[in-house]
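Enquirer: I'm passing along final18.csv; it holds CSV, C-alpha atoms and all ligand atoms.
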chain,number,residue,atom,x,y,z
V,8,MET,CA,34.1,9.3,12.3
V,9,ILE,CA,33.4,6.3,10.0
V,10,SER,CA,31.4,4.6,12.7
V,11,VAL,CA,29.3,7.7,13.2
V,12,PHE,CA,28.6,7.7,9.5
V,13,LYS,CA,27.8,4.0,9.5
V,14,ARG,CA,25.5,4.5,12.4
V,15,PHE,CA,23.7,7.3,10.5
V,16,GLN,CA,23.3,5.1,7.5
V,17,LYS,CA,21.9,2.3,9.7
V,18,TYR,CA,19.6,4.9,11.3
V,19,GLN,CA,18.4,6.1,7.9
V,20,LYS,CA,17.8,2.5,6.7
V,21,GLN,CA,15.9,1.7,9.8
V,22,ASN,CA,13.8,4.8,9.5
V,23,LYS,CA,13.2,4.6,5.8
V,24,MET,CA,9.7,5.9,5.3
V,25,VAL,CA,7.1,3.3,4.5
V,26,HIS,CA,3.9,4.5,3.0
V,27,LYS,CA,0.9,2.7,4.5
V,28,ILE,CA,-2.1,2.8,2.1
V,29,ALA,CA,-5.5,1.5,3.2
V,30,LEU,CA,-7.9,0.2,0.6
V,31,PHE,CA,-11.2,1.0,2.3
V,32,ASN,CA,-14.9,0.8,1.4
V,33,HIS,CA,-17.3,-0.7,3.9
V,34,LYS,CA,-19.4,-1.9,1.0
V,35,GLY,CA,-18.5,-5.5,0.1
V,36,GLY,CA,-17.4,-6.8,-3.3
V,37,VAL,CA,-16.0,-3.6,-4.8
V,38,SER,CA,-12.7,-5.1,-5.7
V,39,LYS,CA,-10.6,-4.1,-2.7
V,40,THR,CA,-8.8,-7.4,-2.6
V,41,THR,CA,-8.4,-7.8,-6.3
V,42,THR,CA,-7.1,-4.2,-6.6
V,43,THR,CA,-4.7,-4.7,-3.7
V,44,PHE,CA,-3.2,-7.8,-5.4
V,45,ASN,CA,-2.9,-6.3,-8.9
V,46,LEU,CA,-1.7,-2.9,-7.8
V,47,GLY,CA,0.8,-4.3,-5.2
V,48,TRP,CA,2.3,-6.6,-7.9
V,49,MET,CA,2.6,-3.6,-10.3
V,50,LEU,CA,4.3,-1.4,-7.6
V,51,ALA,CA,6.8,-4.2,-7.0
V,52,SER,CA,7.5,-4.7,-10.7
V,53,LYS,CA,8.5,-1.0,-10.7
V,54,GLY,CA,11.2,-1.8,-8.1
V,55,LYS,CA,9.3,-0.9,-4.9
V,56,ARG,CA,9.3,-3.3,-2.0
V,57,VAL,CA,5.7,-4.0,-1.1
V,58,ILE,CA,3.9,-5.8,1.7
V,59,LEU,CA,0.3,-6.8,1.1
V,60,VAL,CA,-1.6,-7.0,4.4
V,61,ASP,CA,-4.7,-9.1,4.7
V,62,THR,CA,-6.7,-7.7,7.6
V,63,ASP,CA,-10.0,-9.3,6.4
V,64,PRO,CA,-11.0,-12.5,8.4
V,65,GLN,CA,-12.4,-13.8,5.1
V,66,CYS,CA,-8.7,-14.2,4.1
V,67,ASN,CA,-9.4,-13.7,0.4
V,68,LEU,CA,-6.1,-11.9,-0.3
V,69,THR,CA,-4.2,-14.7,1.4
V,70,GLY,CA,-6.1,-17.1,-0.8
V,71,ILE,CA,-5.2,-15.3,-4.0
V,72,ALA,CA,-1.6,-14.6,-3.0
V,73,LEU,CA,-0.6,-18.0,-1.8
V,74,LYS,CA,0.2,-20.2,-4.8
V,75,GLU,CA,-1.7,-23.4,-4.7
V,76,GLU,CA,0.3,-26.5,-4.4
V,77,THR,CA,-2.6,-28.8,-4.4
V,78,GLU,CA,-5.7,-29.5,-6.6
V,79,ASP,CA,-7.7,-30.3,-3.5
V,80,ASP,CA,-9.8,-27.2,-2.4
V,81,GLU,CA,-10.0,-28.3,1.2
V,82,ALA,CA,-6.3,-28.8,1.6
V,83,ARG,CA,-5.8,-25.4,-0.1
V,84,ILE,CA,-8.2,-23.7,2.4
V,85,GLU,CA,-6.5,-25.4,5.3
V,86,LYS,CA,-3.2,-23.9,4.1
V,87,ILE,CA,-4.7,-20.4,3.8
V,88,TYR,CA,-6.1,-20.5,7.4
V,89,ASP,CA,-3.1,-22.1,8.9
V,90,THR,CA,-0.1,-19.8,8.3
V,91,HIS,CA,2.3,-19.9,11.2
V,92,SER,CA,2.9,-16.1,11.3
V,93,ASN,CA,0.0,-13.8,10.4
V,94,ILE,CA,-1.9,-10.7,11.5
V,95,LYS,CA,-3.4,-12.5,14.5
V,96,THR,CA,-0.3,-14.3,15.8
V,97,GLY,CA,1.6,-11.0,15.3
V,98,LEU,CA,-0.8,-9.1,17.6
V,99,ALA,CA,-1.3,-11.8,20.1
V,100,PRO,CA,1.3,-10.4,22.5
V,101,ALA,CA,-0.8,-7.3,23.0
V,102,PHE,CA,-4.3,-8.7,22.7
V,103,GLU,CA,-3.7,-11.9,24.7
V,104,SER,CA,-1.4,-10.2,27.3
V,105,GLN,CA,1.5,-12.5,26.5
V,106,PRO,CA,4.7,-11.9,28.3
V,107,ARG,CA,6.6,-10.9,25.1
V,108,ALA,CA,6.8,-7.9,22.8
V,109,ILE,CA,5.2,-7.6,19.4
V,110,GLN,CA,7.6,-8.7,16.7
V,111,ALA,CA,7.6,-8.3,12.9
V,112,VAL,CA,5.5,-10.9,11.1
V,113,ASP,CA,7.4,-13.5,8.9
V,114,CYS,CA,5.8,-12.3,5.7
V,115,ILE,CA,5.6,-14.8,2.8
V,116,PRO,CA,7.4,-13.9,-0.5
V,117,ILE,CA,4.7,-13.9,-3.3
V,118,GLN,CA,5.9,-16.2,-6.0
V,119,GLY,CA,6.5,-14.7,-9.4
V,120,GLN,CA,7.3,-11.1,-8.3
V,121,GLU,CA,10.5,-10.0,-6.7
V,122,GLY,CA,10.0,-7.6,-3.8
V,123,LEU,CA,6.4,-8.5,-3.1
V,124,PHE,CA,5.3,-10.0,0.3
V,125,LEU,CA,2.2,-11.2,2.0
V,126,LEU,CA,1.3,-10.5,5.6
V,127,PRO,CA,-1.3,-13.3,5.9
V,128,GLY,CA,-4.7,-12.8,7.4
V,129,HIS,CA,-6.4,-15.0,9.9
V,130,VAL,CA,-10.0,-16.0,10.3
V,131,GLY,CA,-9.7,-15.5,14.1
V,132,PHE,CA,-8.6,-11.8,13.8
V,133,ALA,CA,-12.3,-10.8,14.2
V,134,GLU,CA,-12.0,-12.0,17.8
V,135,TYR,CA,-10.0,-8.9,18.6
V,136,GLU,CA,-12.7,-6.6,17.3
V,137,VAL,CA,-14.6,-6.2,20.6
V,138,THR,CA,-11.6,-5.7,22.9
V,139,LEU,CA,-10.1,-3.1,20.5
V,140,GLY,CA,-13.5,-1.4,20.4
V,141,ILE,CA,-13.6,-1.1,24.2
V,142,ALA,CA,-10.0,0.1,24.3
V,143,GLN,CA,-10.7,2.8,21.7
V,144,GLU,CA,-13.9,3.9,23.4
V,145,LEU,CA,-12.1,4.3,26.7
V,146,SER,CA,-8.9,5.7,25.0
V,147,GLY,CA,-6.5,5.0,27.8
V,148,SER,CA,-8.5,5.4,30.9
V,149,ILE,CA,-8.1,1.7,31.7
V,150,GLN,CA,-4.4,0.9,32.1
V,151,THR,CA,-4.6,-2.7,30.9
V,152,LEU,CA,-6.1,-1.7,27.5
V,153,LYS,CA,-3.8,1.2,26.8
V,154,ASN,CA,-1.4,-0.8,24.6
V,155,LEU,CA,-4.1,-1.9,22.1
V,156,PRO,CA,-4.9,1.2,20.0
V,157,GLY,CA,-1.2,1.5,18.9
V,158,ALA,CA,-0.6,-2.2,18.5
V,159,ILE,CA,-1.5,-2.7,14.9
V,160,SER,CA,0.5,0.3,13.8
V,161,ASP,CA,3.5,-1.0,15.8
V,162,LEU,CA,3.3,-4.4,14.1
V,163,LEU,CA,3.1,-3.0,10.6
V,164,GLU,CA,6.0,-0.6,11.3
V,165,LYS,CA,8.2,-3.4,12.6
V,166,THR,CA,7.3,-5.7,9.7
V,167,ALA,CA,8.0,-2.9,7.2
V,168,ASN,CA,11.4,-2.3,8.8
V,169,LYS,CA,12.3,-6.0,8.7
V,170,PHE,CA,11.4,-6.3,5.0
V,171,ASN,CA,12.7,-2.8,4.1
V,172,ALA,CA,9.3,-2.0,2.6
V,173,ASP,CA,8.5,1.1,0.6
V,174,TYR,CA,4.7,0.4,0.6
V,175,ILE,CA,2.2,-1.4,2.7
V,176,LEU,CA,-1.1,-2.0,1.0
V,177,ILE,CA,-3.8,-2.9,3.5
V,178,ASP,CA,-6.7,-4.9,2.3
V,179,MET,CA,-9.6,-4.2,4.6
V,180,SER,CA,-12.8,-6.1,5.4
V,181,PRO,CA,-16.2,-4.6,4.4
V,182,SER,CA,-17.1,-3.2,7.8
V,183,LEU,CA,-17.2,0.0,10.0
V,184,GLY,CA,-15.9,-1.8,13.1
V,185,ALA,CA,-13.2,-0.9,15.5
V,186,ILE,CA,-10.4,-2.7,13.6
V,187,ASN,CA,-11.2,-0.8,10.4
V,188,GLN,CA,-11.4,2.5,12.4
V,189,ASN,CA,-8.0,1.8,13.8
V,190,LEU,CA,-6.4,0.6,10.5
V,191,LEU,CA,-7.7,3.6,8.5
V,192,MET,CA,-6.9,6.2,11.1
V,193,THR,CA,-3.3,5.0,11.6
V,194,SER,CA,-2.6,4.7,7.8
V,195,ASP,CA,-0.8,7.4,5.8
V,196,PHE,CA,-3.1,7.3,2.8
V,197,PHE,CA,-6.4,5.8,1.7
V,198,LEU,CA,-7.9,4.7,-1.5
V,199,VAL,CA,-11.6,4.0,-2.0
V,200,PRO,CA,-12.5,1.3,-4.5
V,201,THR,CA,-16.0,1.5,-5.8
V,202,THR,CA,-18.3,-0.2,-8.3
V,203,ALA,CA,-20.5,1.7,-10.6
V,204,ASP,CA,-23.8,1.1,-8.8
V,205,PHE,CA,-26.2,2.6,-6.3
V,206,PHE,CA,-24.7,0.8,-3.3
V,207,SER,CA,-21.4,2.6,-3.9
V,208,VAL,CA,-23.1,6.0,-4.0
V,209,MET,CA,-24.7,5.0,-0.6
V,210,ALA,CA,-21.3,4.0,0.7
V,211,ILE,CA,-19.6,7.3,-0.3
V,212,ASP,CA,-22.5,9.1,1.5
V,213,SER,CA,-22.1,7.0,4.7
V,214,LEU,CA,-18.3,7.4,4.5
V,215,SER,CA,-18.8,11.2,4.6
V,216,ARG,CA,-20.8,10.7,7.8
V,217,ILE,CA,-18.4,8.4,9.6
V,218,LEU,CA,-15.1,10.0,8.7
V,219,PRO,CA,-15.6,13.2,10.9
V,220,LYS,CA,-16.3,10.9,13.9
V,221,TRP,CA,-13.3,8.7,13.3
V,222,CYS,CA,-11.0,11.7,12.7
V,223,ALA,CA,-12.1,13.4,15.9
V,224,TRP,CA,-11.3,10.2,17.8
V,225,ALA,CA,-7.9,9.8,16.0
V,226,ARG,CA,-6.9,13.4,16.8
V,227,MET,CA,-7.8,12.9,20.4
V,228,ALA,CA,-6.0,9.5,20.7
V,229,SER,CA,-2.8,10.9,19.1
V,230,VAL,CA,-2.4,13.5,21.8
V,231,ASN,CA,-3.7,11.4,24.7
V,232,HIS,CA,-0.7,11.0,27.2
V,233,ILE,CA,-1.6,7.5,28.3
V,234,LEU,CA,-1.8,6.2,24.7
V,235,LYS,CA,1.3,8.1,23.7
V,236,GLU,CA,3.3,6.6,26.5
V,237,ALA,CA,2.0,3.1,26.1
V,238,THR,CA,4.3,0.2,25.1
V,239,TYR,CA,2.9,0.5,21.6
V,240,PRO,CA,2.3,4.3,21.3
V,241,PHE,CA,-0.6,5.5,19.3
V,242,PRO,CA,0.9,7.2,16.2
V,243,GLU,CA,0.5,10.8,14.9
V,244,PHE,CA,-2.7,11.3,12.8
V,245,ASN,CA,-1.5,12.1,9.3
V,246,LEU,CA,-4.1,10.4,7.0
V,247,LYS,CA,-4.5,11.7,3.4
V,248,PHE,CA,-6.9,10.8,0.7
V,249,LEU,CA,-5.5,9.5,-2.6
V,250,GLY,CA,-8.7,9.1,-4.6
V,251,THR,CA,-11.3,6.6,-5.8
V,252,ILE,CA,-11.1,3.7,-8.2
V,253,VAL,CA,-14.2,2.9,-10.2
V,254,GLN,CA,-14.6,-0.7,-11.3
V,255,ASN,CA,-17.4,-1.2,-13.8
V,256,TYR,CA,-17.9,-4.9,-13.9
V,257,ARG,CA,-21.4,-5.3,-12.7
V,258,ILE,CA,-23.8,-5.9,-15.5
V,259,ILE,CA,-27.1,-4.1,-15.0
V,260,ARG,CA,-29.9,-5.6,-17.1
V,261,GLY,CA,-27.5,-6.2,-20.0
V,262,LYS,CA,-27.1,-2.5,-20.7
V,263,GLU,CA,-23.8,-2.0,-19.1
V,264,THR,CA,-22.4,1.1,-21.0
V,265,ALA,CA,-25.2,3.6,-20.5
V,266,ALA,CA,-26.1,2.4,-17.0
V,267,PHE,CA,-22.5,2.4,-15.9
V,268,GLN,CA,-21.9,5.9,-17.2
V,269,THR,CA,-24.9,7.2,-15.1
V,270,TRP,CA,-23.6,5.5,-11.9
V,271,ILE,CA,-20.0,6.7,-12.5
V,272,GLU,CA,-21.3,10.2,-12.8
V,273,LYS,CA,-23.4,9.8,-9.6
V,274,ILE,CA,-20.4,8.5,-7.7
V,275,GLU,CA,-18.3,11.3,-8.9
V,276,ASN,CA,-20.9,13.9,-7.9
V,277,THR,CA,-21.3,12.4,-4.5
V,278,VAL,CA,-17.5,12.6,-4.0
V,279,THR,CA,-17.4,16.2,-5.1
V,280,HIS,CA,-20.5,17.4,-3.2
V,281,LYS,CA,-20.5,15.2,0.0
V,282,LEU,CA,-17.1,13.7,0.5
V,283,LEU,CA,-14.9,16.6,-0.6
V,284,PRO,CA,-16.2,19.1,2.1
V,285,VAL,CA,-15.6,16.4,4.8
V,286,LEU,CA,-12.1,15.8,3.5
V,287,GLU,CA,-11.3,19.5,3.5
V,288,GLN,CA,-12.8,20.1,7.0
V,289,ASN,CA,-10.7,17.2,8.4
V,290,ASN,CA,-7.5,18.1,6.6
V,291,LEU,CA,-7.4,14.8,4.7
V,292,LEU,CA,-6.3,16.3,1.4
V,293,LEU,CA,-2.9,16.8,-0.1
V,294,PRO,CA,-2.2,20.2,-1.7
V,295,LYS,CA,-4.7,20.5,-4.6
V,296,GLN,CA,-2.0,20.9,-7.3
V,297,VAL,CA,-0.6,17.5,-6.4
V,298,TYR,CA,-3.9,15.9,-7.7
V,299,THR,CA,-4.2,18.2,-10.7
V,300,GLU,CA,-0.6,17.3,-11.7
V,301,GLN,CA,-1.8,13.7,-11.9
V,302,GLY,CA,-4.8,14.7,-14.1
V,303,MET,CA,-7.3,14.3,-11.3
V,304,SER,CA,-10.3,16.6,-10.9
V,305,SER,CA,-12.6,17.3,-7.9
V,306,SER,CA,-14.2,13.9,-8.3
V,307,PHE,CA,-10.8,12.4,-7.3
V,308,THR,CA,-11.2,9.4,-9.7
V,309,MET,CA,-7.8,7.8,-10.0
V,310,THR,CA,-8.8,5.3,-12.7
V,311,LYS,CA,-11.7,3.4,-14.1
V,312,ILE,CA,-11.2,-0.4,-14.5
V,313,SER,CA,-13.4,-2.4,-16.8
V,314,ASN,CA,-14.5,-6.0,-16.6
V,315,PHE,CA,-11.7,-8.6,-16.4
V,316,ASN,CA,-14.1,-11.2,-17.8
V,317,SER,CA,-12.5,-14.6,-18.1
V,318,LEU,CA,-9.0,-13.3,-17.0
V,319,ILE,CA,-10.2,-13.0,-13.4
V,320,ALA,CA,-10.8,-16.7,-13.0
V,321,LEU,CA,-7.4,-17.5,-14.5
V,322,SER,CA,-5.8,-14.9,-12.3
V,323,GLN,CA,-7.2,-16.5,-9.2
V,324,GLU,CA,-6.3,-20.0,-10.4
V,325,HIS,CA,-2.7,-19.0,-11.0
V,326,SER,CA,-2.2,-16.5,-8.2
V,327,THR,CA,-1.1,-14.0,-10.8
V,328,PRO,CA,-2.5,-10.6,-11.8
V,329,VAL,CA,-4.7,-10.4,-14.8
V,330,TYR,CA,-2.1,-8.6,-16.8
V,331,ALA,CA,0.8,-10.9,-15.9
V,332,LEU,CA,-0.7,-14.2,-16.9
V,333,THR,CA,1.6,-16.0,-19.3
V,334,ILE,CA,0.5,-17.6,-22.6
V,335,GLU,CA,0.7,-21.1,-21.0
V,336,GLN,CA,-1.5,-19.9,-18.1
V,337,LEU,CA,-4.0,-18.4,-20.6
V,338,ARG,CA,-4.4,-21.9,-22.1
V,339,GLN,CA,-6.2,-20.4,-25.1
V,340,THR,CA,-5.5,-20.3,-28.8
V,341,GLY,CA,-6.5,-18.3,-31.9
V,342,ILE,CA,-8.7,-15.3,-31.7
V,343,VAL,CA,-9.7,-15.8,-28.0
V,344,ARG,CA,-6.1,-15.7,-27.0
V,345,GLU,CA,-5.4,-12.6,-29.1
V,346,ASN,CA,-8.4,-10.8,-27.6
V,347,ASN,CA,-7.3,-11.7,-24.1
V,348,GLN,CA,-3.7,-10.6,-24.8
V,349,ALA,CA,-5.0,-7.3,-26.1
V,350,LYS,CA,-7.1,-6.9,-22.9
V,351,GLN,CA,-4.0,-7.8,-20.8
V,352,GLU,CA,-2.0,-5.0,-22.4
V,353,GLU,CA,-4.9,-2.6,-21.6
V,354,PHE,CA,-5.0,-3.7,-17.9
V,355,LYS,CA,-1.2,-3.5,-17.7
V,356,LYS,CA,-1.3,0.1,-18.8
V,357,THR,CA,-4.2,0.9,-16.4
V,358,PHE,CA,-2.4,-0.6,-13.4
V,359,SER,CA,0.9,0.9,-14.4
V,360,ASP,CA,-0.6,4.4,-14.7
V,361,LEU,CA,-2.4,3.9,-11.3
V,362,ALA,CA,0.9,2.8,-9.7
V,363,ASP,CA,2.7,5.8,-11.1
V,364,LYS,CA,0.0,8.1,-9.7
V,365,ILE,CA,0.3,6.5,-6.3
V,366,ILE,CA,4.0,6.9,-6.3
V,367,ALA,CA,3.7,10.5,-7.3
V,368,LEU,CA,1.0,11.4,-4.8
V,369,SER,CA,2.7,9.6,-1.9
V,370,SER,CA,6.2,10.9,-2.6
V,371,SER,CA,5.0,14.5,-3.0
V,372,TYR,CA,3.6,14.3,0.5
V,373,ALA,CA,6.9,12.9,1.9
V,374,VAL,CA,8.7,15.8,0.4
V,375,SER,CA,6.3,18.5,1.6
V,376,ALA,CA,5.7,16.9,5.0
V,401,LIG,N1,-12.5,-5.6,-12.7
V,401,LIG,C1,-13.1,-6.8,-12.4
V,401,LIG,N2,-13.8,-7.5,-13.4
V,401,LIG,C2,-14.4,-8.7,-13.1
V,401,LIG,N3,-14.5,-9.2,-11.9
V,401,LIG,C3,-13.9,-8.5,-10.9
V,401,LIG,C4,-13.2,-7.3,-11.1
V,401,LIG,N4,-12.7,-6.9,-9.9
V,401,LIG,C5,-13.1,-7.8,-9.0
V,401,LIG,N5,-13.8,-8.8,-9.5
V,401,LIG,C6,-14.5,-9.9,-8.9
V,401,LIG,O1,-15.5,-9.4,-8.1
V,401,LIG,C7,-15.6,-10.1,-6.8
V,401,LIG,C8,-15.4,-9.1,-5.7
V,401,LIG,O2,-14.0,-8.7,-5.8
V,401,LIG,P1,-13.1,-8.6,-4.4
V,401,LIG,O3,-13.2,-9.8,-3.6
V,401,LIG,O4,-11.8,-8.1,-4.9
V,401,LIG,O5,-13.9,-7.4,-3.7
V,401,LIG,P2,-13.7,-6.9,-2.2
V,401,LIG,O6,-14.1,-5.5,-2.2
V,401,LIG,O7,-12.4,-7.3,-1.7
V,401,LIG,O8,-14.8,-7.8,-1.4
V,401,LIG,P3,-15.0,-7.9,0.2
V,401,LIG,O9,-15.7,-6.6,0.6
V,401,LIG,O10,-15.9,-9.1,0.3
V,401,LIG,O11,-13.7,-8.1,0.8
V,401,LIG,C9,-14.6,-11.2,-6.9
V,401,LIG,O12,-15.2,-12.4,-7.3
V,401,LIG,C10,-13.6,-10.7,-7.9
V,401,LIG,O13,-13.0,-11.8,-8.6
V,402,MG,MG,-11.9,-8.4,0.0
Go ahead and express the file in the form of structure tokens.
Ligand SMILES: Nc1ncnc2c1ncn2[C@@H]1O[C@H](COP(=O)(O)OP(=O)(O)OP(=O)(O)O)[C@@H](O)[C@H]1O
Ligand SMILES: [Mg+2]
Expert:
Amino acid sequence: MISVFKRFQKYQKQNKMVHKIALFNHKGGVSKTTTTFNLGWMLASKGKRVILVDTDPQCNLTGIALKEETEDDEARIEKIYDTHSNIKTGLAPAFESQPRAIQAVDCIPIQGQEGLFLLPGHVGFAEYEVTLGIAQELSGSIQTLKNLPGAISDLLEKTANKFNADYILIDMSPSLGAINQNLLMTSDFFLVPTTADFFSVMAIDSLSRILPKWCAWARMASVNHILKEATYPFPEFNLKFLGTIVQNYRIIRGKETAAFQTWIEKIENTVTHKLLPVLEQNNLLLPKQVYTEQGMSSSFTMTKISNFNSLIALSQEHSTPVYALTIEQLRQTGIVRENNQAKQEEFKKTFSDLADKIIALSSSYAVSA
């Protein structure tokens, strides 16, 4: 009897539900990577076990998360590009037809925050883009490619199990390629970071055009027999939208406040009038009251984050979020330090509230699903 119970506990532990959250916007430089790092750290500080996944061949997240042990930039970059276990080595068994199964990646514990791990990126990950694109186009009609569409999802699930993760945050590259199509369509949730400018309005518009195509593909792939019976089965399609994050750090002709406000309104309007109908038609929304309970309206703005100013440079230097830099790391005195400490408190609250919303939205779905 006891052994049955133990087996059940083990089963429960192995099948603990991890929430995979993709941070996606094909527009570059909208703070996907910075938000992944600051948000992931905050979730971990609230007791969650979190894996940050760097899927961008630029490896910026790996660069921020790995604490530098050298002053020499070249040596630091070498270290970032040369992790022994990363997204590319993890997928190599499937993509390079190696005679071994995909195994969990040896994530790197991120220094300074318990329960936070990095699944490193690799500059060569982009080499898998074309093969994955062909595999996704053919969706199982060529036997040798059938294991690829489910491979990334399999790697992330195995890694989540190994590290007993509650959350996986996926930092994506700024592209509409096959890898991003796969990452987004096999995630549980997605967040869209934006900056308050015209390019982000354009990006929300084009996202509204691309999502129906990607969703149609994912629905088809998730019921395709060949893909379902592959070594790495294509998962069920269950993606849900969490919301947008507006970062207002771009200075437009020195008149940030008024100009930002205009762009924030334009982004919110584009979400309400163009993106929302697409989300509804493709069943990408949680029940409406889940959002309203979190104070979100039909613009789905989760939070607005202002300019980190000098804190961003220190954050990158010390591989520490803007709100968690210590007095020693700030290296400032007097009024400058006081101002920065006040800003840090503000950012801490912003990220703490954002993390609470994400926990509430994602767990509401787990209960209702
Ligand atoms: N709130 C902020 N205040 C000031 N600077 C910021 C803020 N958020 C991000 N940045 C800076 O803006 C730049 C772009 O941010 P980041 O690299 O996170 O964007 P990204 O969306 O990941 O870019 P990419 O699309 O190239 O991957 C970086 O130099 C980062 O340090
Ligand atoms: Mg990035």
Enquirer: Hey, which bits of chain V sit within 9 Å of ligand MG 402 (chain V), and for each residue what's the closest pair of atoms and how far apart in Å (one decimal), counting all atoms listed in the file, rows by chain and increasing number, as a tab-separated table?
Expert:
residue	atom	partner	partner_atom	distance
V:Gly35	CA	V:MG402	MG	7.2
V:Gly36	CA	V:MG402	MG	6.6
V:Val37	CA	V:MG402	MG	7.9
V:Ser38	CA	V:MG402	MG	6.6
V:Lys39	CA	V:MG402	MG	5.2
V:Thr40	CA	V:MG402	MG	4.2
V:Thr41	CA	V:MG402	MG	7.2
V:Thr43	CA	V:MG402	MG	8.9
V:Asp61	CA	V:MG402	MG	8.6
V:Asp63	CA	V:MG402	MG	6.7
V:Gln65	CA	V:MG402	MG	7.4
V:Cys66	CA	V:MG402	MG	7.8
V:Asn67	CA	V:MG402	MG	5.9
V:Leu68	CA	V:MG402	MG	6.8
V:Asp178	CA	V:MG402	MG	6.7
V:Met179	CA	V:MG402	MG	6.6
V:Ser180	CA	V:MG402	MG	5.9
V:Pro181	CA	V:MG402	MG	7.2
Enquirer: Need the shell around range 267-278 of chain V: protein/DNA/RNA residues with any atom at most 6 Å away, counting only C-alpha atoms. Skip same-chain ones fewer than 6 positions apart. Format as a PyMOL selection string?
Expert: chain V and resi 203-204+208+306
Enquirer: Find, counting all atoms listed in the file, the residue in V:Ile319, V:Val285, V:Val297, V:Val230 that gets nearest to Ser370 in chain V.
Expert: V:Val297
Enquirer: Using all atoms listed in the file and a cutoff of 7 Å, can you tell me which residues are near (-6.0, -6.6, -15.3) in the file's coordinates, and write them out as a compact mmCIF listing (two decimals) with C-alpha atoms, keeping the file's coordinate frame?
Expert:
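Contents of point-v1.txt, freshly written:
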# COMPACT_ATOMS: atom_id res chain seq x y z
CA PHE V 315 -11.70 -8.60 -16.40
CA PRO V 328 -2.50 -10.60 -11.80
CA VAL V 329 -4.70 -10.40 -14.80
CA TYR V 330 -2.10 -8.60 -16.80
CA GLN V 351 -4.00 -7.80 -20.80
CA PHE V 354 -5.00 -3.70 -17.90
CA LYS V 355 -1.20 -3.50 -17.70
Enquirer: With all atoms listed in the file as the counted atoms, please give the residues lying no more than 12 Å from Thr151 in chain V, apart from itself and same-chain residues fewer than 4 positions off, as an MDAnalysis selection string.
Expert: chainID V and resid 101:104 138:139 141:142 145:147 155:156 233:234 237:238
Enquirer: Produce a file of the selected residues containing C-alpha atoms, as a PDB file, keeping the file's coordinate frame.
Expert:
ATOM      1  CA  ALA V 101      -0.800  -7.300  23.000  1.00  0.00           C
ATOM      2  CA  PHE V 102      -4.300  -8.700  22.700  1.00  0.00           C
ATOM      3  CA  GLU V 103      -3.700 -11.900  24.700  1.00  0.00           C
ATOM      4  CA  SER V 104      -1.400 -10.200  27.300  1.00  0.00           C
ATOM      5  CA  THR V 138     -11.600  -5.700  22.900  1.00  0.00           C
ATOM      6  CA  LEU V 139     -10.100  -3.100  20.500  1.00  0.00           C
ATOM      7  CA  ILE V 141     -13.600  -1.100  24.200  1.00  0.00           C
ATOM      8  CA  ALA V 142     -10.000   0.100  24.300  1.00  0.00           C
ATOM      9  CA  LEU V 145     -12.100   4.300  26.700  1.00  0.00           C
ATOM     10  CA  SER V 146      -8.900   5.700  25.000  1.00  0.00           C
ATOM     11  CA  GLY V 147      -6.500   5.000  27.800  1.00  0.00           C
ATOM     12  CA  LEU V 155      -4.100  -1.900  22.100  1.00  0.00           C
ATOM     13  CA  PRO V 156      -4.900   1.200  20.000  1.00  0.00           C
ATOM     14  CA  ILE V 233      -1.600   7.500  28.300  1.00  0.00           C
ATOM     15  CA  LEU V 234      -1.800   6.200  24.700  1.00  0.00           C
ATOM     16  CA  ALA V 237       2.000   3.100  26.100  1.00  0.00           C
ATOM     17  CA  THR V 238       4.300   0.200  25.100  1.00  0.00           C
TER      18      THR V 238
END
Enquirer: Need to verify the contact set: range 337-347 of chain V, 9 Å, all atoms listed in the file, exclusion of same-chain residues closer than 6 positions in sequence. Can you return it as a compact mmCIF listing (two decimals) with C-alpha atoms, in the coordinates of the input?
Expert:
# COMPACT_ATOMS: atom_id res chain seq x y z
CA SER V 317 -12.50 -14.60 -18.10
CA LEU V 318 -9.00 -13.30 -17.00
CA LEU V 321 -7.40 -17.50 -14.50
